[in-house]
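K.L.:
Below is the structure I would like to discuss, written out as structure tokens.
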Amino acid sequence: MMENNWENFLRNLGEWHGSFTSVSLKGELLESTPSILTLEGFENNTLVRFRLRRFSSADYREPALSDYSQDYRSLGRQAIFFETGAFSKGTMQVAPSSEFGAEYGFVAENRRLRFVQLYDKQGDLNNLILIREFRANTNASERSPLTVDQLLGQWQGTAHTAYSEWQPSETCTTFSEFKDIGGGYFQQHLSIGSLTHTSTIRAEANTLHIEESSPRKILLLSDGCAINSPLHITHRQSFSVEMSWLVQENERQRLIRTYNDKGEWISATHVIEHRVG
């Protein structure tokens with residue numbers, strides 16, 4: 001994957017109309033800014049020009065509120081692009097009194113879905129941004145808001161993991177099961193290769209609380225999006241951050257970034273899984 005990082009990046013080329021929407025820590029959609037993002041290839045796609053314009057309204061006829069451009073001939077080590085064009089990038093090293101951030105992006109035909117997840121200098125989750133994008137001049141549409149019922153059942157798939165130190169990427173099978181155990185509680189079982197984890201989850205509106213020694217929560221959002229966040233991070237304890245997208249009723253994709261107990265970024269994983277039961 002990392003060997004083909006640039007080629008995978010090129011799957012994002014195009015003109016994408018969308019919006020940047022702030023999300024509260026309770027999963028409420030707040031203010032939204034319409035946008036046009038263009039990724040255009042030049043010189044046989046060895047140069048890609050990034051341009052992001054933000055507008056006051058979605059008809060795009062008024063002058064842009066901001067207009068930013070940048071040329072790319074290579075990608076930073078913190079940005080991993082997978083075969084579908086999905087990507088994750090973020091902070092390389094968690095450090096005391098420093099902010100932490102991760103960005104995720106999925107590509108499916110004429111749709112892109114991205115998310116930015118930010119933590120403050122104290123390591124607390126404090127800023128979330130949902131970015132929904134549609135390829136220009138297509139009839140691509142937004143998916144419905146994600147619900148708990150859509151997660152129920154068994155899912156099988158494949159995980160592709162790329163590592164920060166450029167060691168060879170790995171592919172393994174995945175399995176997950178999400179079931180209702182009554183009283184507003186659910187049980188989630190996850191396995192990626194030989195790693196397994198089972199959690200008890202409490203549902204409250206569109207928030208799923210994972211009540212463990214290191215509490216986490218999953219926000220179920222518009223467009224089939226879910227963001228899985230530790231409530232607090234530190235460079236002294238390993239953790240992962242994650243986004244998922246219900247691309248279709250029976251297909252879900254996940255992006256996971258993993259950090260060790262020194263705060264070092266270790267890996268990025270892309271999971272594609274399908275409902276099997």
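Identifiers in the structure tokens: chain A, B, ... in order shown; residue index from 1 per chain; ligand index from 1 in order shown.
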Considering only strand (DSSP E or B) as DSSP defines it on the backbone, what residues of region 39-271 of chain A qualify? List them as a short mmCIF file (atom, residue, chain, number, x, y, z; two decimals) with N, CA and C atoms, in the first residue's frame.

P.N.:
```cif
data_model
loop_
_atom_site.label_atom_id
_atom_site.label_comp_id
_atom_site.auth_asym_id
_atom_site.auth_seq_id
_atom_site.Cartn_x
_atom_site.Cartn_y
_atom_site.Cartn_z
N LEU A 39 -8.93 18.47 -7.04
CA LEU A 39 -7.63 17.79 -7.13
C LEU A 39 -7.41 17.48 -8.60
N GLU A 40 -6.45 18.18 -9.19
CA GLU A 40 -6.23 18.10 -10.64
C GLU A 40 -4.81 17.64 -10.92
N GLY A 41 -4.68 16.64 -11.80
CA GLY A 41 -3.37 16.09 -12.14
C GLY A 41 -2.74 16.80 -13.32
N PHE A 42 -1.42 17.03 -13.26
CA PHE A 42 -0.65 17.62 -14.34
C PHE A 42 0.61 16.78 -14.56
N LEU A 47 2.27 15.64 -10.84
CA LEU A 47 1.97 16.84 -10.07
C LEU A 47 0.47 16.90 -9.85
N VAL A 48 0.04 17.11 -8.62
CA VAL A 48 -1.38 17.27 -8.32
C VAL A 48 -1.57 18.62 -7.65
N ARG A 49 -2.51 19.39 -8.20
CA ARG A 49 -2.83 20.71 -7.64
C ARG A 49 -4.09 20.60 -6.80
N PHE A 50 -3.95 20.95 -5.54
CA PHE A 50 -5.05 20.96 -4.58
C PHE A 50 -5.57 22.39 -4.49
N ARG A 51 -6.91 22.53 -4.60
CA ARG A 51 -7.52 23.85 -4.43
C ARG A 51 -8.80 23.69 -3.61
N LEU A 52 -8.92 24.47 -2.54
CA LEU A 52 -10.11 24.43 -1.69
C LEU A 52 -10.69 25.83 -1.60
N ARG A 53 -11.96 25.95 -2.03
CA ARG A 53 -12.69 27.21 -1.92
C ARG A 53 -13.87 27.01 -0.98
N ARG A 54 -14.09 27.98 -0.11
CA ARG A 54 -15.23 27.94 0.82
C ARG A 54 -16.15 29.11 0.49
N SER A 66 -12.86 32.02 1.04
CA SER A 66 -11.43 31.73 1.09
C SER A 66 -11.08 30.87 -0.11
N ASP A 67 -9.84 30.94 -0.54
CA ASP A 67 -9.38 30.21 -1.72
C ASP A 67 -7.92 29.81 -1.48
N TYR A 68 -7.69 28.51 -1.27
CA TYR A 68 -6.36 28.04 -0.93
C TYR A 68 -5.92 26.99 -1.94
N SER A 69 -4.67 27.09 -2.41
CA SER A 69 -4.12 26.14 -3.37
C SER A 69 -2.76 25.65 -2.91
N GLN A 70 -2.44 24.41 -3.29
CA GLN A 70 -1.13 23.85 -2.99
C GLN A 70 -0.81 22.77 -4.02
N ASP A 71 0.44 22.72 -4.44
CA ASP A 71 0.89 21.69 -5.38
C ASP A 71 1.59 20.56 -4.64
N TYR A 72 1.34 19.32 -5.09
CA TYR A 72 1.96 18.14 -4.48
C TYR A 72 2.70 17.33 -5.54
N ILE A 80 -1.48 8.02 4.69
CA ILE A 80 -1.53 6.70 4.07
C ILE A 80 -2.78 6.61 3.20
N PHE A 81 -2.60 6.28 1.92
CA PHE A 81 -3.71 6.08 0.99
C PHE A 81 -3.80 4.61 0.63
N PHE A 87 -8.11 7.16 2.86
CA PHE A 87 -6.85 7.58 3.45
C PHE A 87 -7.03 7.96 4.90
N SER A 88 -5.93 7.95 5.64
CA SER A 88 -5.90 8.57 6.96
C SER A 88 -4.56 9.25 7.13
N LYS A 89 -4.59 10.34 7.85
CA LYS A 89 -3.36 11.06 8.18
C LYS A 89 -3.55 11.72 9.53
N GLY A 90 -2.44 12.05 10.16
CA GLY A 90 -2.58 12.67 11.47
C GLY A 90 -1.25 12.88 12.16
N GLN A 93 3.40 12.06 16.53
CA GLN A 93 3.87 11.83 17.89
C GLN A 93 2.99 12.61 18.86
N PHE A 100 -3.54 17.23 19.21
CA PHE A 100 -3.50 16.00 18.43
C PHE A 100 -4.64 16.02 17.43
N GLY A 101 -4.37 15.55 16.22
CA GLY A 101 -5.43 15.52 15.22
C GLY A 101 -5.29 14.35 14.27
N ALA A 102 -6.42 13.92 13.73
CA ALA A 102 -6.45 12.88 12.70
C ALA A 102 -7.50 13.25 11.67
N GLU A 103 -7.23 12.94 10.42
CA GLU A 103 -8.19 13.13 9.33
C GLU A 103 -8.37 11.80 8.63
N TYR A 104 -9.62 11.51 8.25
CA TYR A 104 -9.95 10.28 7.54
C TYR A 104 -10.71 10.63 6.28
N GLY A 105 -10.59 9.79 5.25
CA GLY A 105 -11.35 10.01 4.04
C GLY A 105 -11.68 8.71 3.33
N PHE A 106 -12.90 8.61 2.84
CA PHE A 106 -13.32 7.45 2.05
C PHE A 106 -13.73 7.92 0.66
N VAL A 107 -13.54 7.06 -0.32
CA VAL A 107 -13.97 7.34 -1.69
C VAL A 107 -14.79 6.14 -2.16
N ALA A 108 -15.98 6.41 -2.71
CA ALA A 108 -16.83 5.37 -3.28
C ALA A 108 -17.55 5.95 -4.49
N ARG A 111 -18.68 9.69 -4.57
CA ARG A 111 -18.80 10.23 -3.22
C ARG A 111 -17.44 10.21 -2.52
N ARG A 112 -17.26 11.23 -1.68
CA ARG A 112 -16.18 11.19 -0.68
C ARG A 112 -16.80 11.58 0.66
N LEU A 113 -16.32 10.93 1.70
CA LEU A 113 -16.71 11.29 3.06
C LEU A 113 -15.45 11.42 3.87
N ARG A 114 -15.29 12.60 4.52
CA ARG A 114 -14.08 12.83 5.31
C ARG A 114 -14.48 13.30 6.71
N PHE A 115 -13.53 13.19 7.62
CA PHE A 115 -13.78 13.63 8.99
C PHE A 115 -12.47 14.06 9.62
N VAL A 116 -12.54 15.14 10.42
CA VAL A 116 -11.38 15.63 11.17
C VAL A 116 -11.72 15.54 12.65
N GLN A 117 -10.80 14.96 13.41
CA GLN A 117 -10.99 14.67 14.84
C GLN A 117 -9.82 15.32 15.58
N LEU A 118 -10.12 16.26 16.49
CA LEU A 118 -9.06 17.04 17.14
C LEU A 118 -9.16 16.94 18.67
N TYR A 119 -7.98 16.89 19.31
CA TYR A 119 -7.87 16.89 20.77
C TYR A 119 -7.07 18.12 21.19
N ASP A 124 -7.87 16.16 25.61
CA ASP A 124 -9.31 15.93 25.62
C ASP A 124 -9.91 16.18 24.23
N LEU A 125 -10.84 15.33 23.85
CA LEU A 125 -11.55 15.50 22.59
C LEU A 125 -12.27 16.83 22.60
N ASN A 126 -12.06 17.67 21.54
CA ASN A 126 -12.68 19.00 21.62
C ASN A 126 -13.17 19.57 20.31
N ASN A 127 -12.89 18.94 19.17
CA ASN A 127 -13.33 19.54 17.91
C ASN A 127 -13.53 18.45 16.86
N LEU A 128 -14.71 18.44 16.23
CA LEU A 128 -15.06 17.43 15.23
C LEU A 128 -15.62 18.13 14.00
N ILE A 129 -15.18 17.68 12.82
CA ILE A 129 -15.64 18.30 11.57
C ILE A 129 -16.00 17.19 10.58
N LEU A 130 -17.24 17.21 10.11
CA LEU A 130 -17.74 16.26 9.11
C LEU A 130 -17.71 16.92 7.74
N ILE A 131 -17.13 16.22 6.75
CA ILE A 131 -16.98 16.78 5.41
C ILE A 131 -17.62 15.82 4.42
N ARG A 132 -18.76 16.24 3.85
CA ARG A 132 -19.49 15.42 2.89
C ARG A 132 -19.28 15.99 1.49
N GLU A 133 -18.82 15.17 0.55
CA GLU A 133 -18.46 15.68 -0.77
C GLU A 133 -19.06 14.80 -1.88
N PHE A 134 -19.41 15.47 -2.99
CA PHE A 134 -20.08 14.82 -4.11
C PHE A 134 -19.36 15.26 -5.39
N ARG A 135 -19.06 14.29 -6.26
CA ARG A 135 -18.36 14.64 -7.50
C ARG A 135 -19.25 15.56 -8.34
N GLY A 153 -25.68 -7.36 13.79
CA GLY A 153 -25.38 -8.53 12.97
C GLY A 153 -23.90 -8.86 12.95
N GLN A 154 -23.55 -9.73 12.05
CA GLN A 154 -22.17 -10.18 11.88
C GLN A 154 -21.61 -9.65 10.57
N TRP A 155 -20.35 -9.27 10.64
CA TRP A 155 -19.67 -8.68 9.48
C TRP A 155 -18.32 -9.38 9.30
N GLN A 156 -17.98 -9.67 8.06
CA GLN A 156 -16.67 -10.25 7.73
C GLN A 156 -16.01 -9.41 6.66
N GLY A 157 -14.67 -9.37 6.71
CA GLY A 157 -13.98 -8.59 5.70
C GLY A 157 -12.49 -8.79 5.70
N THR A 158 -11.82 -7.78 5.18
CA THR A 158 -10.37 -7.79 5.03
C THR A 158 -9.80 -6.48 5.55
N ALA A 159 -8.71 -6.57 6.29
CA ALA A 159 -8.02 -5.39 6.80
C ALA A 159 -6.67 -5.26 6.13
N HIS A 160 -6.36 -4.07 5.65
CA HIS A 160 -5.05 -3.76 5.07
C HIS A 160 -4.37 -2.78 6.02
N THR A 161 -3.19 -3.14 6.52
CA THR A 161 -2.48 -2.31 7.49
C THR A 161 -1.15 -1.86 6.92
N ALA A 162 -0.89 -0.56 6.99
CA ALA A 162 0.39 0.03 6.61
C ALA A 162 1.05 0.55 7.88
N TYR A 163 2.37 0.44 7.94
CA TYR A 163 3.11 0.76 9.16
C TYR A 163 3.94 2.03 8.99
N GLU A 170 0.48 -5.36 5.60
CA GLU A 170 -0.09 -6.67 5.86
C GLU A 170 -1.58 -6.68 5.55
N THR A 171 -2.07 -7.85 5.18
CA THR A 171 -3.49 -8.06 4.93
C THR A 171 -3.96 -9.24 5.77
N CYS A 172 -5.10 -9.10 6.42
CA CYS A 172 -5.64 -10.20 7.21
C CYS A 172 -7.17 -10.14 7.19
N THR A 173 -7.80 -11.20 7.68
CA THR A 173 -9.25 -11.26 7.71
C THR A 173 -9.79 -10.58 8.97
N THR A 174 -11.03 -10.14 8.90
CA THR A 174 -11.68 -9.49 10.05
C THR A 174 -13.05 -10.11 10.28
N PHE A 175 -13.49 -9.99 11.52
CA PHE A 175 -14.84 -10.42 11.87
C PHE A 175 -15.35 -9.48 12.96
N SER A 176 -16.59 -9.08 12.88
CA SER A 176 -17.19 -8.28 13.95
C SER A 176 -18.64 -8.70 14.14
N GLU A 177 -19.09 -8.57 15.37
CA GLU A 177 -20.48 -8.88 15.70
C GLU A 177 -21.00 -7.82 16.66
N PHE A 178 -22.17 -7.32 16.37
CA PHE A 178 -22.80 -6.29 17.20
C PHE A 178 -24.20 -6.79 17.53
N LYS A 179 -24.48 -7.01 18.83
CA LYS A 179 -25.78 -7.58 19.19
C LYS A 179 -26.39 -6.86 20.38
N ASP A 180 -27.73 -6.84 20.39
CA ASP A 180 -28.52 -6.21 21.44
C ASP A 180 -28.63 -7.18 22.61
N ILE A 181 -28.18 -6.74 23.80
CA ILE A 181 -28.26 -7.61 24.97
C ILE A 181 -29.30 -7.09 25.96
N GLY A 182 -30.09 -6.11 25.54
CA GLY A 182 -31.23 -5.64 26.34
C GLY A 182 -30.91 -4.48 27.25
N TYR A 185 -28.35 -1.79 26.22
CA TYR A 185 -26.95 -2.19 26.12
C TYR A 185 -26.73 -3.13 24.93
N PHE A 186 -25.51 -3.06 24.40
CA PHE A 186 -25.12 -3.88 23.26
C PHE A 186 -23.75 -4.49 23.54
N GLN A 187 -23.47 -5.59 22.88
CA GLN A 187 -22.15 -6.20 22.98
C GLN A 187 -21.51 -6.19 21.60
N GLN A 188 -20.26 -5.77 21.57
CA GLN A 188 -19.51 -5.71 20.32
C GLN A 188 -18.28 -6.59 20.43
N HIS A 189 -18.13 -7.48 19.47
CA HIS A 189 -16.95 -8.34 19.39
C HIS A 189 -16.22 -8.02 18.09
N LEU A 190 -14.93 -7.72 18.20
CA LEU A 190 -14.12 -7.37 17.04
C LEU A 190 -12.90 -8.28 16.96
N SER A 191 -12.55 -8.68 15.75
CA SER A 191 -11.28 -9.38 15.56
C SER A 191 -10.66 -8.94 14.25
N ILE A 192 -9.37 -8.64 14.32
CA ILE A 192 -8.56 -8.32 13.13
C ILE A 192 -7.36 -9.24 13.20
N LEU A 195 -5.95 -10.55 16.69
CA LEU A 195 -6.33 -9.64 17.76
C LEU A 195 -7.84 -9.64 17.92
N THR A 196 -8.30 -9.83 19.16
CA THR A 196 -9.74 -9.82 19.42
C THR A 196 -10.05 -8.91 20.60
N HIS A 197 -11.26 -8.36 20.59
CA HIS A 197 -11.67 -7.48 21.68
C HIS A 197 -13.19 -7.50 21.78
N THR A 198 -13.69 -7.61 23.01
CA THR A 198 -15.13 -7.59 23.25
C THR A 198 -15.47 -6.43 24.19
N SER A 199 -16.49 -5.67 23.84
CA SER A 199 -16.88 -4.49 24.63
C SER A 199 -18.38 -4.52 24.93
N THR A 200 -18.75 -3.96 26.07
CA THR A 200 -20.15 -3.70 26.38
C THR A 200 -20.41 -2.22 26.12
N ILE A 201 -21.48 -1.93 25.41
CA ILE A 201 -21.76 -0.59 24.93
C ILE A 201 -23.14 -0.14 25.41
N ARG A 202 -23.20 1.08 25.94
CA ARG A 202 -24.47 1.67 26.36
C ARG A 202 -24.91 2.69 25.33
N ALA A 203 -26.13 2.55 24.84
CA ALA A 203 -26.65 3.46 23.82
C ALA A 203 -27.44 4.58 24.47
N GLU A 204 -27.18 5.80 23.99
CA GLU A 204 -27.89 6.99 24.46
C GLU A 204 -28.09 7.91 23.28
N THR A 207 -25.38 8.35 20.52
CA THR A 207 -24.06 8.12 21.10
C THR A 207 -23.98 6.73 21.70
N LEU A 208 -22.91 6.02 21.39
CA LEU A 208 -22.65 4.71 21.99
C LEU A 208 -21.47 4.88 22.94
N HIS A 209 -21.68 4.61 24.21
CA HIS A 209 -20.64 4.75 25.22
C HIS A 209 -19.98 3.40 25.47
N ILE A 210 -18.67 3.35 25.30
CA ILE A 210 -17.90 2.14 25.57
C ILE A 210 -17.26 2.34 26.94
N ARG A 216 -14.50 5.37 25.85
CA ARG A 216 -14.59 5.82 24.47
C ARG A 216 -16.05 6.09 24.16
N LYS A 217 -16.28 6.80 23.06
CA LYS A 217 -17.65 6.90 22.58
C LYS A 217 -17.66 6.89 21.06
N ILE A 218 -18.77 6.37 20.54
CA ILE A 218 -19.00 6.32 19.11
C ILE A 218 -20.18 7.22 18.81
N LEU A 219 -19.98 8.21 17.94
CA LEU A 219 -21.06 9.09 17.51
C LEU A 219 -21.59 8.58 16.18
N LEU A 220 -22.90 8.35 16.11
CA LEU A 220 -23.56 7.93 14.87
C LEU A 220 -24.08 9.19 14.19
N CYS A 225 -22.08 7.87 8.67
CA CYS A 225 -20.76 8.05 9.30
C CYS A 225 -20.81 7.70 10.78
N ALA A 226 -19.71 7.13 11.29
CA ALA A 226 -19.52 6.94 12.72
C ALA A 226 -18.08 7.29 13.06
N ILE A 227 -17.90 7.99 14.18
CA ILE A 227 -16.56 8.34 14.64
C ILE A 227 -16.37 7.73 16.03
N ASN A 228 -15.27 7.01 16.20
CA ASN A 228 -14.99 6.26 17.43
C ASN A 228 -13.78 6.91 18.09
N SER A 229 -14.00 7.49 19.27
CA SER A 229 -12.97 8.34 19.89
C SER A 229 -12.75 7.99 21.35
N PRO A 230 -11.48 7.88 21.78
CA PRO A 230 -11.22 7.92 23.23
C PRO A 230 -11.60 9.30 23.74
N HIS A 232 -10.14 10.77 26.18
CA HIS A 232 -8.88 11.42 26.58
C HIS A 232 -7.72 10.59 26.05
N PHE A 239 -3.39 3.78 22.29
CA PHE A 239 -4.79 4.03 21.93
C PHE A 239 -4.96 3.96 20.43
N SER A 240 -6.19 3.94 20.01
CA SER A 240 -6.51 4.02 18.59
C SER A 240 -7.66 5.01 18.40
N VAL A 241 -7.72 5.59 17.21
CA VAL A 241 -8.83 6.46 16.81
C VAL A 241 -9.38 5.90 15.50
N GLU A 242 -10.68 6.12 15.27
CA GLU A 242 -11.30 5.40 14.15
C GLU A 242 -12.49 6.15 13.59
N MET A 243 -12.68 5.99 12.28
CA MET A 243 -13.89 6.45 11.59
C MET A 243 -14.41 5.30 10.75
N SER A 244 -15.74 5.22 10.59
CA SER A 244 -16.32 4.21 9.71
C SER A 244 -17.41 4.83 8.86
N TRP A 245 -17.73 4.16 7.75
CA TRP A 245 -18.74 4.63 6.82
C TRP A 245 -19.55 3.45 6.34
N LEU A 246 -20.85 3.52 6.50
CA LEU A 246 -21.75 2.52 5.93
C LEU A 246 -21.98 2.91 4.48
N VAL A 247 -21.15 2.35 3.60
CA VAL A 247 -21.18 2.73 2.18
C VAL A 247 -22.49 2.26 1.54
N GLN A 248 -22.89 1.06 1.90
CA GLN A 248 -24.18 0.49 1.50
C GLN A 248 -24.72 -0.25 2.70
N GLU A 251 -22.39 -3.06 3.39
CA GLU A 251 -20.95 -2.83 3.27
C GLU A 251 -20.54 -1.68 4.17
N ARG A 252 -19.54 -1.94 4.98
CA ARG A 252 -19.00 -0.92 5.88
C ARG A 252 -17.49 -0.85 5.70
N GLN A 253 -16.96 0.37 5.72
CA GLN A 253 -15.52 0.56 5.68
C GLN A 253 -15.09 1.28 6.95
N ARG A 254 -13.89 0.94 7.43
CA ARG A 254 -13.36 1.54 8.65
C ARG A 254 -11.92 1.98 8.40
N LEU A 255 -11.52 3.08 9.04
CA LEU A 255 -10.15 3.55 9.04
C LEU A 255 -9.69 3.71 10.48
N ILE A 256 -8.56 3.10 10.83
CA ILE A 256 -8.08 3.06 12.21
C ILE A 256 -6.63 3.52 12.24
N ARG A 257 -6.31 4.44 13.15
CA ARG A 257 -4.93 4.85 13.40
C ARG A 257 -4.55 4.41 14.80
N THR A 258 -3.39 3.78 14.95
CA THR A 258 -2.97 3.19 16.21
C THR A 258 -1.69 3.85 16.71
N TYR A 259 -1.65 4.11 18.03
CA TYR A 259 -0.51 4.74 18.69
C TYR A 259 -0.07 3.87 19.86
N GLU A 264 3.75 7.24 20.00
CA GLU A 264 4.22 7.17 18.62
C GLU A 264 3.15 6.56 17.72
N TRP A 265 2.96 7.17 16.55
CA TRP A 265 2.05 6.59 15.57
C TRP A 265 2.67 5.30 15.02
N ILE A 266 1.90 4.21 15.06
CA ILE A 266 2.39 2.90 14.68
C ILE A 266 1.87 2.45 13.32
N SER A 267 0.57 2.60 13.08
CA SER A 267 0.00 2.03 11.86
C SER A 267 -1.30 2.70 11.48
N ALA A 268 -1.68 2.47 10.22
CA ALA A 268 -2.99 2.87 9.71
C ALA A 268 -3.61 1.65 9.05
N THR A 269 -4.89 1.40 9.35
CA THR A 269 -5.58 0.21 8.84
C THR A 269 -6.87 0.62 8.14
N HIS A 270 -7.12 -0.01 7.00
CA HIS A 270 -8.37 0.18 6.27
C HIS A 270 -9.08 -1.17 6.22
N VAL A 271 -10.31 -1.20 6.71
CA VAL A 271 -11.12 -2.42 6.74
C VAL A 271 -12.29 -2.26 5.79
#
```

K.L.:
I'd like to know which residues of region 109-268 of chain A are helix (DSSP H, G or I) (by DSSP, run on the backbone); could you write them as JSON, numbers by chain?

P.N.:
{"A": [148, 149, 150, 151, 222, 223, 224]}

K.L.:
Save the residues we just selected, N, CA, C and O atoms, as a PDB file, in the first residue's frame?

P.N.:
```pdb
ATOM      1  N   VAL A 148     -28.251   2.539  15.204  1.00  0.00           N
ATOM      2  CA  VAL A 148     -27.754   1.324  15.853  1.00  0.00           C
ATOM      3  C   VAL A 148     -28.224   0.081  15.109  1.00  0.00           C
ATOM      4  O   VAL A 148     -27.464  -0.880  14.928  1.00  0.00           O
ATOM      5  N   ASP A 149     -29.481   0.083  14.655  1.00  0.00           N
ATOM      6  CA  ASP A 149     -30.019  -1.098  13.973  1.00  0.00           C
ATOM      7  C   ASP A 149     -29.211  -1.469  12.744  1.00  0.00           C
ATOM      8  O   ASP A 149     -29.104  -2.655  12.394  1.00  0.00           O
ATOM      9  N   GLN A 150     -28.629  -0.476  12.076  1.00  0.00           N
ATOM     10  CA  GLN A 150     -27.841  -0.769  10.879  1.00  0.00           C
ATOM     11  C   GLN A 150     -26.516  -1.456  11.199  1.00  0.00           C
ATOM     12  O   GLN A 150     -25.889  -2.031  10.321  1.00  0.00           O
ATOM     13  N   LEU A 151     -26.085  -1.400  12.450  1.00  0.00           N
ATOM     14  CA  LEU A 151     -24.829  -2.031  12.857  1.00  0.00           C
ATOM     15  C   LEU A 151     -25.027  -3.464  13.327  1.00  0.00           C
ATOM     16  O   LEU A 151     -24.063  -4.239  13.388  1.00  0.00           O
ATOM     17  N   SER A 222     -24.667  11.790  10.374  1.00  0.00           N
ATOM     18  CA  SER A 222     -25.263  11.849   9.040  1.00  0.00           C
ATOM     19  C   SER A 222     -24.407  11.113   8.020  1.00  0.00           C
ATOM     20  O   SER A 222     -23.207  10.898   8.227  1.00  0.00           O
ATOM     21  N   ASP A 223     -25.048  10.718   6.904  1.00  0.00           N
ATOM     22  CA  ASP A 223     -24.357  10.137   5.764  1.00  0.00           C
ATOM     23  C   ASP A 223     -23.732   8.776   6.077  1.00  0.00           C
ATOM     24  O   ASP A 223     -22.743   8.385   5.463  1.00  0.00           O
ATOM     25  N   GLY A 224     -24.292   8.044   7.051  1.00  0.00           N
ATOM     26  CA  GLY A 224     -23.774   6.719   7.376  1.00  0.00           C
ATOM     27  C   GLY A 224     -22.438   6.735   8.081  1.00  0.00           C
ATOM     28  O   GLY A 224     -21.733   5.731   8.130  1.00  0.00           O
TER      29      GLY A 224
END
```

K.L.:
Tell me, as an MDAnalysis selection string, which residues lie within 12 Å of Asp261 (chain A), counting only C-alpha atoms; anything in the same chain fewer than 6 positions away does not count.

P.N.:
chainID A and resid 93:95 233:240

K.L.:
Could those residues be written to a file, using C-alpha atoms, as an mmCIF file, in the first residue's frame?

P.N.:
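File selection-v7.cif, as written:
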```cif
data_model
loop_
_atom_site.group_PDB
_atom_site.id
_atom_site.type_symbol
_atom_site.label_atom_id
_atom_site.label_comp_id
_atom_site.auth_asym_id
_atom_site.auth_seq_id
_atom_site.Cartn_x
_atom_site.Cartn_y
_atom_site.Cartn_z
ATOM 1 C CA GLN A 93 3.869 11.828 17.892
ATOM 2 C CA VAL A 94 1.592 12.574 20.847
ATOM 3 C CA ALA A 95 3.410 14.973 23.162
ATOM 4 C CA ILE A 233 -5.493 10.566 25.106
ATOM 5 C CA THR A 234 -1.974 10.659 26.529
ATOM 6 C CA HIS A 235 1.502 9.825 25.285
ATOM 7 C CA ARG A 236 1.812 7.365 28.179
ATOM 8 C CA GLN A 237 -0.933 4.963 27.065
ATOM 9 C CA SER A 238 -1.558 3.193 23.769
ATOM 10 C CA PHE A 239 -4.792 4.032 21.934
ATOM 11 C CA SER A 240 -6.508 4.020 18.590
#
```
